[in-house]
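Engineer: Structure file my_file_38.csv (CSV, C-alpha atoms) is given on the next line.
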chain,number,residue,atom,x,y,z
A,6,MET,CA,66.6,1.9,-13.6
A,7,ALA,CA,63.6,1.9,-11.3
A,8,ALA,CA,61.7,-0.2,-13.8
A,9,VAL,CA,64.4,-2.8,-13.9
A,10,LEU,CA,64.5,-3.0,-10.1
A,11,CYS,CA,60.8,-3.6,-10.1
A,12,GLY,CA,61.5,-6.8,-12.1
A,13,GLY,CA,63.7,-8.3,-9.5
A,14,SER,CA,67.0,-10.2,-9.9
A,15,GLY,CA,68.1,-10.7,-13.5
A,16,ALA,CA,65.6,-8.3,-15.0
A,17,VAL,CA,66.8,-6.1,-17.9
A,18,LEU,CA,65.4,-3.3,-19.9
A,19,SER,CA,64.3,-4.6,-23.3
A,20,HIS,CA,62.4,-4.0,-26.6
A,21,SER,CA,61.4,-0.4,-27.2
A,22,SER,CA,62.7,0.8,-23.9
A,23,ALA,CA,66.1,-0.7,-24.6
A,24,ALA,CA,66.0,0.9,-28.1
A,25,ALA,CA,65.2,4.3,-26.5
A,26,LEU,CA,68.1,3.9,-24.1
A,27,PHE,CA,70.4,3.1,-27.0
A,28,ARG,CA,68.9,6.0,-29.0
A,29,ILE,CA,68.1,3.8,-32.0
A,30,ALA,CA,64.3,3.9,-31.9
A,31,PRO,CA,61.5,5.5,-29.9
A,32,GLU,CA,60.0,4.0,-26.8
A,33,ARG,CA,56.3,2.8,-26.7
A,34,LEU,CA,54.3,5.7,-25.5
A,35,GLY,CA,53.7,5.5,-21.7
A,36,LEU,CA,55.1,2.1,-21.3
A,37,VAL,CA,58.5,0.7,-20.0
A,38,GLU,CA,59.4,-2.8,-21.2
A,39,VAL,CA,61.4,-5.2,-19.1
A,40,SER,CA,62.5,-8.8,-19.7
A,41,LEU,CA,62.6,-11.3,-16.8
A,42,PRO,CA,64.8,-14.4,-16.7
A,43,SER,CA,62.0,-16.5,-15.2
A,44,ARG,CA,58.4,-17.3,-15.7
A,45,SER,CA,57.4,-15.4,-12.5
A,46,HIS,CA,54.3,-13.3,-12.8
A,47,ARG,CA,54.7,-9.6,-12.1
A,48,SER,CA,52.6,-6.6,-12.9
A,49,LYS,CA,52.9,-2.9,-12.3
A,50,SER,CA,51.1,0.0,-13.9
A,51,GLY,CA,53.1,1.5,-16.8
A,52,LEU,CA,55.4,-1.5,-17.0
A,53,VAL,CA,55.3,-4.4,-19.5
A,54,PHE,CA,57.1,-7.5,-18.3
A,55,HIS,CA,58.3,-10.1,-20.9
A,56,ARG,CA,59.0,-13.5,-19.4
A,57,ARG,CA,62.0,-14.9,-21.2
A,58,PRO,CA,63.8,-17.7,-19.3
A,59,SER,CA,65.8,-18.6,-22.4
A,60,LEU,CA,67.4,-15.2,-22.7
A,61,GLY,CA,71.1,-16.0,-22.4
A,62,ALA,CA,74.0,-14.1,-20.8
A,63,SER,CA,75.4,-13.2,-24.2
A,64,ASN,CA,72.2,-11.3,-25.0
A,65,VAL,CA,72.3,-8.9,-22.1
A,66,GLY,CA,74.7,-6.4,-20.7
A,67,THR,CA,74.7,-2.9,-19.2
A,68,TYR,CA,74.5,0.5,-20.8
A,69,ASP,CA,74.9,3.7,-18.7
A,70,GLY,CA,74.8,1.5,-15.7
A,71,ILE,CA,71.4,0.0,-16.6
A,72,PRO,CA,70.9,-3.8,-17.2
A,73,VAL,CA,69.6,-4.1,-20.8
A,74,THR,CA,69.4,-6.5,-23.7
A,75,SER,CA,72.3,-6.3,-26.1
A,76,PRO,CA,72.0,-4.0,-29.1
A,77,ALA,CA,71.7,-7.1,-31.4
A,78,GLN,CA,69.0,-8.7,-29.2
A,79,THR,CA,67.2,-5.4,-29.0
A,80,LEU,CA,67.1,-5.2,-32.8
A,81,ILE,CA,65.8,-8.7,-33.1
A,82,ASP,CA,63.1,-7.9,-30.6
A,83,LEU,CA,62.1,-4.8,-32.5
A,84,THR,CA,62.0,-6.5,-35.9
A,85,PRO,CA,58.4,-7.9,-35.7
A,86,ARG,CA,57.1,-4.5,-34.7
A,87,LEU,CA,58.8,-2.2,-37.2
A,88,GLY,CA,58.2,-1.6,-40.9
A,89,ARG,CA,61.1,-1.9,-43.3
A,90,LEU,CA,62.1,1.8,-43.1
A,91,GLY,CA,61.8,1.9,-39.4
A,92,LEU,CA,64.0,-1.2,-39.0
A,93,GLU,CA,66.6,0.1,-41.4
A,94,ARG,CA,66.7,3.4,-39.5
A,95,ALA,CA,67.3,1.5,-36.3
A,96,ILE,CA,70.1,-0.6,-37.9
A,97,ASN,CA,71.7,2.6,-39.2
A,98,GLU,CA,71.5,4.3,-35.8
A,99,ALA,CA,73.0,1.2,-34.0
A,100,ASP,CA,75.8,1.4,-36.6
A,101,LYS,CA,76.3,5.1,-36.2
A,102,TYR,CA,76.6,4.9,-32.4
A,103,ASP,CA,79.1,1.9,-32.6
A,104,LEU,CA,76.6,-0.3,-30.9
A,105,ALA,CA,76.3,-3.1,-33.5
A,106,HIS,CA,77.8,-3.0,-36.9
A,107,PRO,CA,76.1,-5.0,-39.7
A,108,PRO,CA,78.8,-7.7,-39.9
A,109,GLU,CA,78.6,-8.2,-36.1
A,110,LEU,CA,74.9,-8.1,-36.2
A,111,ARG,CA,74.8,-10.7,-39.0
A,112,LYS,CA,77.1,-13.0,-37.0
A,113,ALA,CA,74.8,-12.6,-34.0
A,114,LEU,CA,72.0,-14.1,-36.0
A,115,GLU,CA,73.8,-17.4,-36.6
A,116,LYS,CA,72.1,-20.4,-35.1
A,117,ARG,CA,69.0,-18.4,-34.2
A,118,ASP,CA,66.8,-19.6,-37.0
A,119,GLY,CA,63.2,-19.9,-36.0
A,120,GLU,CA,63.3,-17.0,-33.5
A,121,PRO,CA,60.8,-14.2,-34.2
A,122,GLY,CA,62.4,-11.4,-36.2
A,123,VAL,CA,65.6,-13.3,-37.1
A,124,ARG,CA,64.7,-14.2,-40.7
A,125,ARG,CA,63.4,-10.8,-41.5
A,126,LEU,CA,66.4,-9.0,-40.0
A,127,ARG,CA,68.8,-11.3,-41.8
A,128,ARG,CA,67.0,-10.6,-45.1
A,129,ILE,CA,67.4,-6.8,-44.7
A,130,LEU,CA,71.0,-7.1,-43.7
A,131,ASP,CA,71.8,-9.4,-46.7
A,132,ARG,CA,70.2,-6.9,-49.0
A,133,ARG,CA,72.2,-4.0,-47.6
A,134,THR,CA,75.6,-5.6,-47.4
A,135,PHE,CA,75.9,-7.6,-50.6
A,136,ARG,CA,77.9,-6.5,-53.7
A,137,LEU,CA,77.3,-7.0,-57.4
A,138,THR,CA,80.3,-7.9,-59.5
A,139,ARG,CA,81.0,-5.4,-62.2
A,140,GLU,CA,79.5,-7.7,-64.8
A,141,GLN,CA,76.3,-8.2,-62.7
A,142,LEU,CA,76.1,-4.4,-62.1
A,143,GLU,CA,76.3,-3.6,-65.8
A,144,ARG,CA,73.9,-6.4,-66.7
A,145,ARG,CA,71.3,-5.0,-64.4
A,146,PHE,CA,71.9,-1.3,-64.9
A,147,LEU,CA,72.3,-1.0,-68.7
A,148,PRO,CA,68.7,-2.2,-69.5
A,149,ILE,CA,67.4,0.5,-67.2
A,150,VAL,CA,69.5,3.0,-69.1
A,151,ARG,CA,67.9,2.0,-72.3
A,152,GLN,CA,64.4,2.1,-70.9
A,153,VAL,CA,64.7,5.8,-70.0
A,154,GLY,CA,66.0,6.6,-73.5
A,155,LEU,CA,69.7,7.3,-72.6
A,156,PRO,CA,72.5,6.2,-74.9
A,157,VAL,CA,74.8,3.4,-73.8
A,158,PRO,CA,77.4,4.9,-71.4
A,159,LEU,CA,81.1,4.3,-71.2
A,160,THR,CA,82.1,2.1,-68.2
A,161,ARG,CA,85.1,2.2,-65.9
A,162,GLN,CA,86.4,5.5,-67.1
A,163,MET,CA,88.8,7.9,-65.4
A,164,VAL,CA,87.0,11.2,-65.0
A,165,ASN,CA,88.5,14.1,-63.0
A,166,GLY,CA,91.0,11.7,-61.5
A,167,PHE,CA,88.5,9.1,-60.3
A,168,GLU,CA,87.4,5.9,-61.9
A,169,VAL,CA,83.6,6.1,-62.4
A,170,ASP,CA,81.2,3.3,-63.1
A,171,PHE,CA,79.1,4.8,-65.9
A,172,TYR,CA,79.9,7.9,-67.9
A,173,TRP,CA,78.2,9.9,-70.7
A,174,PRO,CA,80.8,12.4,-72.0
A,175,ASP,CA,78.6,14.0,-74.5
A,176,LEU,CA,75.9,14.6,-71.9
A,177,GLY,CA,78.2,15.5,-69.0
A,178,PHE,CA,76.6,12.8,-66.9
A,179,VAL,CA,78.2,10.4,-64.3
A,180,VAL,CA,76.6,7.6,-62.3
A,181,GLU,CA,78.5,6.1,-59.4
A,182,THR,CA,77.5,3.0,-57.4
A,183,ASP,CA,78.2,1.9,-53.8
A,184,GLY,CA,78.5,-1.8,-52.9
A,185,LEU,CA,78.2,-1.4,-49.2
A,186,ARG,CA,75.7,1.0,-47.6
A,187,TYR,CA,76.5,0.4,-44.0
A,188,HIS,CA,79.5,1.5,-42.0
A,189,ARG,CA,81.7,3.1,-44.6
A,190,THR,CA,84.8,4.4,-42.9
A,191,PRO,CA,85.2,8.2,-42.4
A,192,ALA,CA,88.0,8.1,-45.0
A,193,GLU,CA,85.7,6.4,-47.6
A,194,GLN,CA,82.9,8.8,-46.8
A,195,ALA,CA,85.2,11.8,-47.3
A,196,ARG,CA,86.5,10.4,-50.6
A,197,ASP,CA,82.9,9.9,-51.8
A,198,ARG,CA,82.1,13.5,-51.0
A,199,LEU,CA,85.3,14.7,-52.7
A,200,ARG,CA,84.4,12.7,-55.8
A,201,ASP,CA,80.9,14.2,-56.0
A,202,GLN,CA,82.1,17.7,-55.3
A,203,THR,CA,84.8,17.4,-58.0
A,204,HIS,CA,82.3,16.2,-60.6
A,205,THR,CA,79.8,18.9,-59.7
A,206,ALA,CA,82.5,21.6,-59.8
A,207,ALA,CA,83.5,20.3,-63.3
A,208,GLY,CA,79.9,20.9,-64.5
A,209,LEU,CA,78.8,17.2,-64.5
A,210,VAL,CA,75.4,15.9,-63.4
A,211,ASN,CA,76.3,13.2,-60.9
A,212,LEU,CA,74.1,10.5,-59.4
A,213,ARG,CA,75.0,7.8,-56.9
A,214,PHE,CA,73.1,4.5,-56.3
A,215,THR,CA,73.7,1.6,-54.0
A,216,HIS,CA,74.0,-1.9,-55.5
A,217,GLU,CA,70.9,-2.8,-53.5
A,218,GLN,CA,68.9,-0.1,-55.3
A,219,VAL,CA,70.1,-1.4,-58.7
A,220,ARG,CA,69.2,-5.0,-57.7
A,221,TYR,CA,66.0,-4.6,-55.7
A,222,GLU,CA,64.6,-1.1,-56.6
A,223,PRO,CA,65.0,-0.7,-60.3
A,224,GLU,CA,61.9,1.5,-60.5
A,225,HIS,CA,63.5,4.0,-58.2
A,226,VAL,CA,66.7,4.0,-60.3
A,227,ARG,CA,64.6,4.4,-63.4
A,228,LYS,CA,62.7,7.4,-61.9
A,229,MET,CA,66.0,9.1,-60.8
A,230,LEU,CA,67.6,8.6,-64.3
A,231,THR,CA,64.5,10.0,-65.9
A,232,ALA,CA,64.6,13.1,-63.7
A,233,ALA,CA,68.3,13.5,-64.4
A,234,ARG,CA,67.7,13.2,-68.2
A,235,GLY,CA,65.6,16.3,-68.0
A,236,LEU,CA,68.7,18.2,-66.9
A,237,LEU,CA,70.9,17.0,-69.7
A,238,PRO,CA,71.4,18.1,-73.3
A,239,ALA,CA,69.8,16.1,-76.0
A,240,PRO,CA,71.9,13.0,-76.9
A,241,ALA,CA,74.2,13.6,-79.8
A,242,ALA,CA,74.1,11.4,-82.9
A,243,ALA,CA,76.1,8.2,-82.6
A,244,GLY,CA,79.8,8.7,-83.1
A,245,PRO,CA,83.1,8.6,-81.3
A,246,ALA,CA,82.8,9.4,-77.6
A,247,SER,CA,84.0,12.8,-76.5
A,248,ALA,CA,87.0,13.3,-74.2
A,249,PRO,CA,86.2,13.1,-70.5
A,250,HIS,CA,85.4,16.3,-68.6
A,251,LYS,CA,88.3,17.5,-66.6
A,252,LEU,CA,88.6,20.3,-64.1
A,253,GLY,CA,90.7,23.3,-65.3
A,254,PRO,CA,90.6,26.5,-67.2
A,255,ARG,CA,87.8,26.7,-69.8
Can you present the structure in this file as structure tokens?
Structural biologist:
Amino acid sequence: MAAVLCGGSGAVLSHSSAAALFRIAPERLGLVEVSLPSRSHRSKSGLVFHRRPSLGASNVGTYDGIPVTSPAQTLIDLTPRLGRLGLERAINEADKYDLAHPPELRKALEKRDGEPGVRRLRRILDRRTFRLTREQLERRFLPIVRQVGLPVPLTRQMVNGFEVDFYWPDLGFVVETDGLRYHRTPAEQARDRLRDQTHTAAGLVNLRFTHEQVRYEPEHVRKMLTAARGLLPAPAAAGPASAPHKLGPR
């Protein structure tokens, strides 16, 4: 708060200092960053002043009684500084603490083209929140399956009471996919855990990928499938598919 007071009327905590206040990213070592609503020149040891007369009222607020840039504005300000993983972590933390959920953040970027960080932040959000249709998912996933030497799986099968995306009954192998990484509700998260636990308890090898990984990180998907293949029995000769695994007495 003292740093903001040093900035005078209208000053707000910003950039890495705002991120640290929100607990979404670390503060720059030894420096406190403050944004000013005017072009006035101020300086003080240990403080970095950003002169931003165009910073609007919708982009600032208070948190724990301290004037600060909004979570969305803070993420925009951080974007040019952070690598992809660091920025994704900050977005996840903002979502976890109910500061800025991805749909709200995406909306906050509207009509802000040209501002530093906006295009890159929008690109990351778009990657994380898009969904492939079932047909698009299969069209991208099945060639990877063939590349790692696995047989063609069954699709959209009921296994242990859940519909799964890809299933190899002879191998005891299931692959599930998530179309939305960010802000899954507690009920959705609990159901995902229940699915994975049920499949594991039934003796299945179970992998879960995001649609983003299938679309943008096929090499990672290929690597994981190759590793999983080493845990599976050798594929059986082509023939009728076996019955799905089910929990119960053996």
Engineer: Contacts of Arg89 (chain A) at 12 Å or less, counting all atoms listed in the file, minus same-chain residues fewer than 4 places along, as a ChimeraX atom specification?
Structural biologist: /A:83-85,93-96,122,125-126,128-130,132
Engineer: Is there a way to get, as a compact mmCIF listing (two decimals) with C-alpha atoms, in the coordinates of the input, all residues within 7 Å of the point (80.7, 3.5, -72.3) in file coordinates, counting only C-alpha atoms?
Structural biologist:
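Generated output (selection.txt):
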# COMPACT_ATOMS: atom_id res chain seq x y z
CA VAL A 157 74.80 3.40 -73.80
CA PRO A 158 77.40 4.90 -71.40
CA LEU A 159 81.10 4.30 -71.20
CA THR A 160 82.10 2.10 -68.20
CA PHE A 171 79.10 4.80 -65.90
CA TYR A 172 79.90 7.90 -67.90
Engineer: In Å, how far is it from CA of Gly70 (chain A) to CA of Leu26 (chain A)?
Structural biologist: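 About the pair CA of Gly70 (chain A) and CA of Leu26 (chain A): they are 11.0 Å apart.
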Engineer: Identify which of the residues A:Gly177, A:Pro76, A:Gly154, A:Gly35 lies closest to Val53 (chain A), counting all atoms listed in the file when measuring atom-to-atom distances.
Structural biologist: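 Of A:Gly177, A:Pro76, A:Gly154, A:Gly35, the one nearest Val53 (chain A) is A:Gly35, counting all atoms listed in the file.
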Engineer: For Glu38 (chain A), which residue among A:Ser14, A:Asn64, A:Ala7, A:Leu104 is the nearest when counting only C-alpha atoms?
Structural biologist: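 Counting only C-alpha atoms, the residue closest to Glu38 (chain A) is A:Ala7.
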Engineer: I'd like the contact shell of Val123 (chain A) - 12 Å cut-off, all atoms listed in the file, skipping same-chain residues fewer than 4 positions apart - returned as a PyMOL selection string.
Structural biologist: chain A and resi 77-85+110-119+127-130
Engineer: Save the residues we just selected, C-alpha atoms, as an mmCIF file, in the frame of the given file?
Structural biologist:
data_model
loop_
_atom_site.group_PDB
_atom_site.id
_atom_site.type_symbol
_atom_site.label_atom_id
_atom_site.label_comp_id
_atom_site.auth_asym_id
_atom_site.auth_seq_id
_atom_site.Cartn_x
_atom_site.Cartn_y
_atom_site.Cartn_z
ATOM 1 C CA ALA A 77 71.700 -7.100 -31.400
ATOM 2 C CA GLN A 78 69.000 -8.700 -29.200
ATOM 3 C CA THR A 79 67.200 -5.400 -29.000
ATOM 4 C CA LEU A 80 67.100 -5.200 -32.800
ATOM 5 C CA ILE A 81 65.800 -8.700 -33.100
ATOM 6 C CA ASP A 82 63.100 -7.900 -30.600
ATOM 7 C CA LEU A 83 62.100 -4.800 -32.500
ATOM 8 C CA THR A 84 62.000 -6.500 -35.900
ATOM 9 C CA PRO A 85 58.400 -7.900 -35.700
ATOM 10 C CA LEU A 110 74.900 -8.100 -36.200
ATOM 11 C CA ARG A 111 74.800 -10.700 -39.000
ATOM 12 C CA LYS A 112 77.100 -13.000 -37.000
ATOM 13 C CA ALA A 113 74.800 -12.600 -34.000
ATOM 14 C CA LEU A 114 72.000 -14.100 -36.000
ATOM 15 C CA GLU A 115 73.800 -17.400 -36.600
ATOM 16 C CA LYS A 116 72.100 -20.400 -35.100
ATOM 17 C CA ARG A 117 69.000 -18.400 -34.200
ATOM 18 C CA ASP A 118 66.800 -19.600 -37.000
ATOM 19 C CA GLY A 119 63.200 -19.900 -36.000
ATOM 20 C CA ARG A 127 68.800 -11.300 -41.800
ATOM 21 C CA ARG A 128 67.000 -10.600 -45.100
ATOM 22 C CA ILE A 129 67.400 -6.800 -44.700
ATOM 23 C CA LEU A 130 71.000 -7.100 -43.700
#
Engineer: A:Ile71, A:Cys11, A:Val65, A:Val219: which is nearest Leu52 (chain A), counting all atoms listed in the file?
Structural biologist: A:Cys11
Engineer: CA of Thr67 (chain A) and CA of Leu18 (chain A), how far apart in Å?
Structural biologist: 9.3 Å
Engineer: Find the residues around region 138-147 of chain A up to 10 Å (only C-alpha atoms counted), leave out those fewer than 3 positions away in its own chain, and share them as a list in words.
Structural biologist: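 These residues fall inside the cut-off: Phe135, Val150, Arg151, Gln152, Leu155, Pro156, Val157, Pro158, Thr160, Arg161, Asp170, Phe171, Thr182, Gly184, His216, Val219, Arg220, Pro223, Val226 and Arg227 of chain A.
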Engineer: To one decimal place, how far is CA of Gln194 (chain A) from CA of Tyr102 (chain A) in Å?
Structural biologist: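 These two atoms are separated by 16.2 Å.
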Engineer: List the neighbours of Gln202 (chain A) out to 12 Å using only C-alpha atoms; skip same-chain residues closer than 6 positions along the sequence, and give me the result as a list in words.
Structural biologist: Asn165, Phe167, Ala195, Arg196, Gly208, Leu209, Val210, Asn211, Leu212 and Leu252 of chain A
Engineer: Which residue gives the smallest distance to Gly15 (chain A) among A:Gly51, A:Gly66, A:Pro148, A:Gly88, with only C-alpha atoms counted?
Structural biologist: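 The closest residue to Gly15 (chain A) is A:Gly66.
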Engineer: For a quick check of understanding, using only C-alpha atoms, which of A:Pro58, A:Leu92, A:Pro174, A:Val153 has the smallest distance to Ser40 (chain A)?
Structural biologist: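 Checking each of A:Pro58, A:Leu92, A:Pro174, A:Val153 against Ser40 (chain A), counting only C-alpha atoms, the winner is A:Pro58.
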